[in-house]
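Structure data (compact mmCIF, C-alpha atoms) from data.txt:
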# COMPACT_ATOMS: atom_id res chain seq x y z
CA MET A 20 5.82 13.61 -17.77
CA ALA A 21 7.73 15.38 -15.00
CA ASP A 22 6.85 14.36 -11.45
CA GLY A 23 5.62 17.86 -10.53
CA LYS A 24 3.22 18.01 -13.46
CA ARG A 25 2.02 14.46 -12.80
CA ASP A 26 1.31 15.36 -9.17
CA SER A 27 -0.60 18.47 -10.24
CA PHE A 28 -2.77 16.45 -12.60
CA PHE A 29 -3.51 13.93 -9.87
CA VAL A 30 -4.47 16.60 -7.34
CA GLN A 31 -6.78 18.22 -9.90
CA HIS A 32 -8.30 14.79 -10.51
CA LEU A 33 -8.99 14.50 -6.77
CA TYR A 34 -10.80 17.83 -6.71
CA ASP A 35 -12.86 16.77 -9.74
CA LEU A 36 -13.90 13.57 -7.94
CA ALA A 37 -14.79 15.51 -4.78
CA GLU A 38 -16.92 17.92 -6.80
CA ARG A 39 -18.69 15.01 -8.51
CA ALA A 40 -19.54 13.46 -5.13
CA ARG A 41 -20.85 16.77 -3.83
CA ARG A 42 -22.85 17.59 -6.94
CA TYR A 43 -24.50 14.23 -7.52
CA GLY A 44 -24.81 13.10 -3.89
CA SER A 45 -23.21 9.69 -4.39
CA PRO A 46 -19.83 8.12 -3.53
CA VAL A 47 -16.93 8.46 -5.98
CA PHE A 48 -13.65 6.56 -5.80
CA THR A 49 -10.08 6.76 -7.01
CA ASP A 50 -8.19 3.78 -8.34
CA PHE A 51 -5.69 2.11 -6.03
CA MET A 52 -3.18 4.83 -5.23
CA THR A 53 0.59 4.72 -5.17
CA THR A 54 2.30 5.76 -1.94
CA LYS A 55 2.96 9.21 -3.41
CA GLU A 56 -0.67 9.57 -4.54
CA LEU A 57 -1.88 8.53 -1.10
CA SER A 58 0.38 11.21 0.35
CA LEU A 59 -1.19 13.83 -1.92
CA PHE A 60 -4.68 12.60 -1.04
CA LEU A 61 -4.03 12.86 2.70
CA ASN A 62 -2.34 16.25 2.39
CA HIS A 63 -5.37 17.73 0.58
CA LYS A 64 -8.23 15.94 2.33
CA LYS A 65 -9.12 18.98 4.49
CA SER A 66 -9.49 21.06 1.33
CA PHE A 67 -12.30 18.97 -0.16
CA LEU A 68 -15.30 21.08 0.88
CA ASP A 69 -18.72 19.64 1.70
CA VAL A 70 -17.63 16.01 1.27
CA ARG A 71 -16.34 13.29 3.54
CA VAL A 72 -13.23 11.32 2.61
CA ALA A 73 -11.89 7.91 3.55
CA THR A 74 -9.36 5.36 2.34
CA TRP A 75 -9.60 1.58 2.24
CA GLY A 76 -7.59 -1.23 0.68
CA GLY A 77 -9.95 -4.14 1.24
CA HIS A 78 -8.52 -5.45 4.51
CA GLU A 79 -6.75 -4.34 7.64
CA ASP A 80 -3.22 -2.99 7.07
CA CYS A 81 -3.36 -2.94 3.27
CA ALA A 82 -0.63 -0.72 1.82
CA HIS A 83 -2.39 0.04 -1.48
CA LYS A 84 -5.65 1.91 -0.93
CA MET A 85 -8.45 3.61 -2.82
CA GLY A 86 -9.65 7.05 -1.85
CA GLY A 87 -13.37 7.61 -1.43
CA PHE A 88 -15.37 10.85 -1.59
CA PHE A 89 -18.80 10.83 0.04
CA PRO A 90 -21.61 13.38 0.42
CA ALA A 91 -21.46 15.17 3.76
CA ASP A 92 -24.47 13.29 5.16
CA TYR A 93 -23.26 9.88 3.97
CA ASP A 94 -22.60 7.37 6.78
CA VAL A 95 -19.54 5.37 5.78
CA ALA A 96 -17.35 3.05 7.81
CA PRO A 97 -13.76 2.80 6.57
CA ASP A 98 -14.00 -0.97 6.24
CA SER A 99 -17.45 -1.02 4.67
CA CYS A 100 -18.40 -2.76 1.46
CA VAL A 101 -19.01 0.61 -0.16
CA PHE A 102 -15.57 0.65 -1.76
CA PRO A 103 -15.52 -1.21 -5.11
CA ILE A 104 -12.91 -3.71 -3.93
CA GLN A 105 -13.05 -7.49 -4.14
CA CYS A 106 -10.54 -10.05 -2.93
CA LEU A 107 -9.70 -13.00 -5.15
CA CYS A 108 -8.12 -16.18 -3.88
CA VAL A 109 -5.65 -17.51 -6.46
CA GLU A 110 -4.82 -21.16 -5.75
CA ALA A 111 -2.57 -23.70 -7.42
CA VAL A 112 -4.70 -26.35 -9.14
CA ASN A 113 -2.28 -29.04 -7.98
CA VAL A 114 -0.23 -28.03 -4.96
CA LYS A 115 1.99 -31.09 -5.32
CA PHE A 116 3.43 -29.79 -8.59
CA ALA A 117 3.25 -26.08 -7.80
CA LYS A 118 6.40 -23.99 -8.04
CA GLU A 119 7.44 -21.36 -5.50
CA ILE A 120 5.59 -18.27 -6.72
CA SER A 121 6.54 -14.76 -5.64
CA HIS A 122 4.59 -11.51 -5.39
CA ARG A 123 6.28 -10.36 -8.60
CA ASP A 124 5.18 -13.53 -10.40
CA TYR A 125 1.52 -13.01 -9.48
CA LEU A 126 1.58 -9.33 -10.34
CA GLY A 127 3.36 -9.96 -13.63
CA ALA A 128 0.83 -12.59 -14.67
CA ILE A 129 -2.03 -10.18 -13.93
CA LEU A 130 -0.46 -7.23 -15.74
CA ASN A 131 0.27 -9.46 -18.75
CA LEU A 132 -3.49 -9.83 -19.12
CA GLY A 133 -3.64 -6.11 -19.94
CA ILE A 134 -4.85 -4.88 -16.55
CA GLU A 135 -3.31 -1.62 -15.30
CA ARG A 136 -1.42 -1.60 -12.02
CA SER A 137 -3.83 0.95 -10.55
CA MET A 138 -6.62 -1.65 -10.71
CA ILE A 139 -4.73 -4.00 -8.38
CA GLY A 140 -4.15 -3.44 -4.67
CA ASP A 141 -2.21 -5.61 -2.26
CA ILE A 142 -1.25 -9.20 -3.03
CA ARG A 143 -0.83 -11.37 0.05
CA ILE A 144 0.79 -14.76 -0.26
CA SER A 145 0.27 -17.70 2.06
CA ASN A 146 1.79 -21.05 1.12
CA HIS A 147 0.77 -21.71 -2.51
CA THR A 148 -2.14 -19.26 -2.35
CA ALA A 149 -2.35 -15.56 -3.14
CA TYR A 150 -5.04 -13.13 -2.04
CA VAL A 151 -5.38 -10.40 -4.63
CA PHE A 152 -7.30 -7.19 -3.87
CA CYS A 153 -8.63 -5.65 -7.05
CA ASN A 154 -11.17 -3.26 -8.52
CA GLU A 155 -14.41 -5.28 -8.57
CA GLU A 156 -14.97 -4.34 -12.22
CA PHE A 157 -12.17 -6.71 -13.25
CA VAL A 158 -13.14 -9.71 -11.13
CA PRO A 159 -14.92 -11.69 -13.93
CA PHE A 160 -12.01 -11.02 -16.30
CA LEU A 161 -9.45 -12.25 -13.77
CA ILE A 162 -11.45 -15.35 -12.84
CA ASN A 163 -11.61 -16.36 -16.49
CA GLY A 164 -8.20 -15.13 -17.64
CA LEU A 165 -5.77 -15.84 -14.81
CA VAL A 166 -5.05 -19.54 -15.31
CA LEU A 167 -1.25 -19.70 -15.29
CA VAL A 168 1.38 -18.13 -13.00
CA ARG A 169 5.05 -19.04 -13.50
CA ARG A 170 4.13 -22.22 -15.36
CA THR A 171 1.81 -23.24 -12.52
CA SER A 172 -1.88 -23.77 -13.29
CA VAL A 173 -4.09 -21.71 -10.99
CA ARG A 174 -7.77 -21.07 -10.39
CA CYS A 175 -9.46 -17.98 -8.95
CA ARG A 176 -12.46 -17.55 -6.70
CA ILE A 177 -14.03 -14.64 -4.86
CA VAL A 178 -13.31 -14.54 -1.14
CA GLU A 179 -16.70 -14.22 0.55
CA ASN A 180 -15.49 -14.25 4.16
CA LEU A 181 -12.84 -11.67 5.02
CA GLU A 182 -11.74 -13.78 7.99
CA GLU A 183 -10.22 -16.20 5.47
CA ILE A 184 -7.69 -13.57 4.37
CA PRO A 185 -4.36 -13.96 6.20
CA ALA A 186 -2.84 -11.09 8.10
CA GLN A 187 -0.17 -9.03 6.38
CA GLU A 188 3.20 -10.74 6.83
CA TYR A 189 6.41 -8.88 7.61
CA GLU A 190 10.11 -9.46 7.95
CA ILE A 191 10.75 -8.27 11.51
CA ARG A 192 14.11 -7.08 12.76
CA GLU A 193 15.25 -5.63 16.07
CA CYS A 194 18.11 -3.13 15.98
CA SER A 195 19.43 0.06 17.55
CA VAL A 196 20.14 3.47 16.02
CA ALA A 197 22.10 6.51 17.16
CA SER A 198 18.95 8.63 16.92
CA LEU A 199 15.57 8.73 15.20
CA ARG A 200 16.85 10.96 12.39
CA LEU A 201 15.54 9.79 9.06
CA ASP A 202 18.98 9.04 7.62
CA ASN A 203 19.71 6.72 10.56
CA ILE A 204 16.41 4.93 10.15
CA VAL A 205 16.71 4.50 6.39
CA ALA A 206 20.27 3.22 6.75
CA ALA A 207 19.07 0.63 9.26
CA MET A 208 16.19 -0.42 7.04
CA ILE A 209 18.28 -1.02 3.91
CA HIS A 210 21.46 -2.19 5.71
CA SER A 211 23.59 0.64 4.33
CA ALA A 212 25.85 3.46 5.43
CA ARG A 213 24.25 6.81 6.29
CA GLY A 214 25.76 8.32 3.15
CA LYS A 215 23.71 6.03 0.92
CA ALA A 216 20.60 6.75 2.99
CA ALA A 217 21.21 10.49 2.75
CA GLN A 218 21.50 10.25 -1.01
CA LEU A 219 18.18 8.45 -1.29
CA ILE A 220 16.54 11.07 0.93
CA SER A 221 17.97 14.06 -0.96
CA GLN A 222 16.82 12.56 -4.28
CA GLY A 223 13.21 12.40 -3.04
CA ASN A 224 13.14 8.59 -2.87
CA VAL A 225 11.91 8.36 0.72
CA LEU A 226 8.38 8.91 1.99
CA ALA A 227 7.84 8.94 5.74
CA ASP A 228 4.32 9.11 7.15
CA TYR A 229 3.07 9.35 3.53
CA GLU A 230 5.04 12.51 2.76
CA GLU A 231 8.21 12.96 0.74
CA ARG A 232 11.01 13.89 3.13
CA THR A 233 14.20 15.43 1.80
CA SER A 234 15.76 16.40 5.14
CA ASN A 235 18.12 13.91 6.77
CA SER A 236 17.30 15.39 10.17
CA TYR A 237 13.55 14.68 9.94
CA ARG A 238 12.72 12.93 13.22
CA CYS A 239 10.73 9.72 12.88
CA LYS A 240 8.05 8.74 15.37
CA ASP A 241 6.66 5.47 16.63
CA ASN A 242 4.47 3.58 14.12
CA THR A 243 5.78 5.61 11.17
CA PRO A 244 5.21 4.06 7.72
CA ILE A 245 8.22 4.53 5.46
CA THR A 246 8.54 3.79 1.75
CA ILE A 247 11.98 3.68 0.13
CA LYS A 248 11.93 3.62 -3.66
CA GLY A 249 13.63 0.50 -4.94
CA TYR A 250 13.66 -1.15 -1.50
CA GLY A 251 10.05 -1.52 -0.39
CA LYS A 252 7.64 -0.51 2.36
CA TYR A 253 8.40 -0.52 6.07
CA LYS A 254 6.98 0.37 9.47
CA LEU A 255 9.04 1.73 12.33
CA PHE A 256 8.24 0.98 15.96
CA VAL A 257 10.20 2.77 18.67
CA LYS A 258 10.89 0.98 21.93
CA GLU A 259 10.95 2.73 25.28
CA GLU A 260 14.37 1.43 26.27
CA GLN A 261 17.87 2.27 25.04
CA THR A 262 21.10 0.31 24.89
CA ARG A 263 23.84 0.72 27.49
CA LYS A 264 25.65 2.99 25.04
CA GLY A 265 22.61 5.24 24.73
CA LYS A 266 21.38 4.04 21.33
CA GLN A 267 17.65 3.91 20.67
CA LYS A 268 16.15 0.44 20.29
CA VAL A 269 13.69 0.06 17.40
CA THR A 270 11.76 -2.66 15.61
CA ILE A 271 11.57 -2.58 11.82
CA TYR A 272 8.75 -4.27 9.95
CA LYS A 273 9.25 -4.80 6.22
CA TYR A 274 6.20 -5.69 4.14
CA LYS A 275 6.58 -9.03 2.37
Would you mind writing the structure in this file as structure tokens?
Amino acid sequence: MADGKRDSFFVQHLYDLAERARRYGSPVFTDFMTTKELSLFLNHKKSFLDVRVATWGGHEDCAHKMGGFFPADYDVAPDSCVFPIQCLCVEAVNVKFAKEISHRDYLGAILNLGIERSMIGDIRISNHTAYVFCNEEFVPFLINGLVLVRRTSVRCRIVENLEEIPAQEYEIRECSVASLRLDNIVAAMIHSARGKAAQLISQGNVLADYEERTSNSYRCKDNTPITIKGYGKYKLFVKEEQTRKGKQKVTIYKYK
């Protein structure tokens, strides 16, 4: 299916969910959204009449989020337990013999059980432990079915206390750029020449502030989230000072 048609179907799905929340007076939720879907959700949220909208991924600074539609008089906090999200702790049964397990390993093991990617949110890894945010409907299935990841025996349990969940980890890098043009920023993020960055932008492979940007001259701002297809998710922080040669100092956070 072409991207334009897929986007149209998704937007129509959002309006259907909003109408269901309005008509029946109860919350309705999307699955975990891709970055592009989140962009569409945010771009249309003011068009959903007579409902309130919110997003939540299960914990502070989650990249993958669900969208929620609520009746106009519904009191919802963005980090409330209303969203059908649970966090599972996936631990090695014997840490002594555990292999180094990556995000891809955990996700692959889960998808091999037959669960769709849209049912799984962020996966945070700390030592030999992963914290998996998922649609609560699949929690019993995962607890019983996820027993092996990269030839390492694991066990799952529900995280009852959110304070147990580690903060999102990043690769952090300080650098300087000629300007805050998007092509400069993308080039710095992926360690490439501006020509490669410009190609990615023109092909629609870069989302900045949750919107697809196809102009190299788009000016990035402080705290801008940027997703580069094939390279990952980033956050840009702009410092107040410049270098002696007049370049802008920035800090780049890459999601691990």
(Q) One decimal, in Å: what's the spacing between CA of Gly23 (chain A) and CA of Leu59 (chain A)? (A) 11.7 Å
Q.
Using only C-alpha atoms, which protein or nucleic acid residues come within 8 Å of region 230-243 of chain A? Drop anything in the same chain fewer than 6 positions from it, and give the result as a VMD selection string.
A. chain A and resid 55 58 to 59 199 to 202 204 217 220 to 224 254 to 257
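CA of Ile142 (chain A) is found 20.1 Å from CA of Tyr229 (chain A).
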(Q) Give me, as an MDAnalysis selection string, all polymer residues having an atom no more than 10 Å from Leu167 (chain A), counting only C-alpha atoms and skipping those fewer than 3 positions away in the same chain. (A) chainID A and resid 111:112 125 128:129 164 170:174
Q.
One number please: CA of Lys65 (chain A) to CA of Gly86 (chain A), in Å, one decimal.
A.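 That distance, rounded to one decimal, is 13.5 Å.
Using all atoms listed in the file, the smallest distance between any of A:Glu56, A:Thr74, A:Leu126, A:Leu165 and Asp22 (chain A) comes from A:Glu56.
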**Q.** Among listed residues A:Arg25, A:Lys64, A:His78, A:Lys264, nearest Phe102 (chain A) (using all atoms listed in the file)
**A.**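 Counting all atoms listed in the file, the residue closest to Phe102 (chain A) is A:His78.
For the choices A:Met85, A:Val168, A:Val72, A:Val205, the atom-to-atom distance to Leu226 (chain A) is smallest for A:Val205 when using all atoms listed in the file.
If you measure from each of A:Cys106, A:Val269, A:Cys81, A:Leu181 to Glu155 (chain A) using all atoms listed in the file, the closest one turns out to be A:Cys106.
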Q. Looking at all atoms listed in the file, which of A:Leu132, A:Val178, A:Pro185, A:Leu161 is the one that sits closest to Asn146 (chain A)?
A.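 Selected residue with least distance to Asn146 (chain A): A:Pro185.
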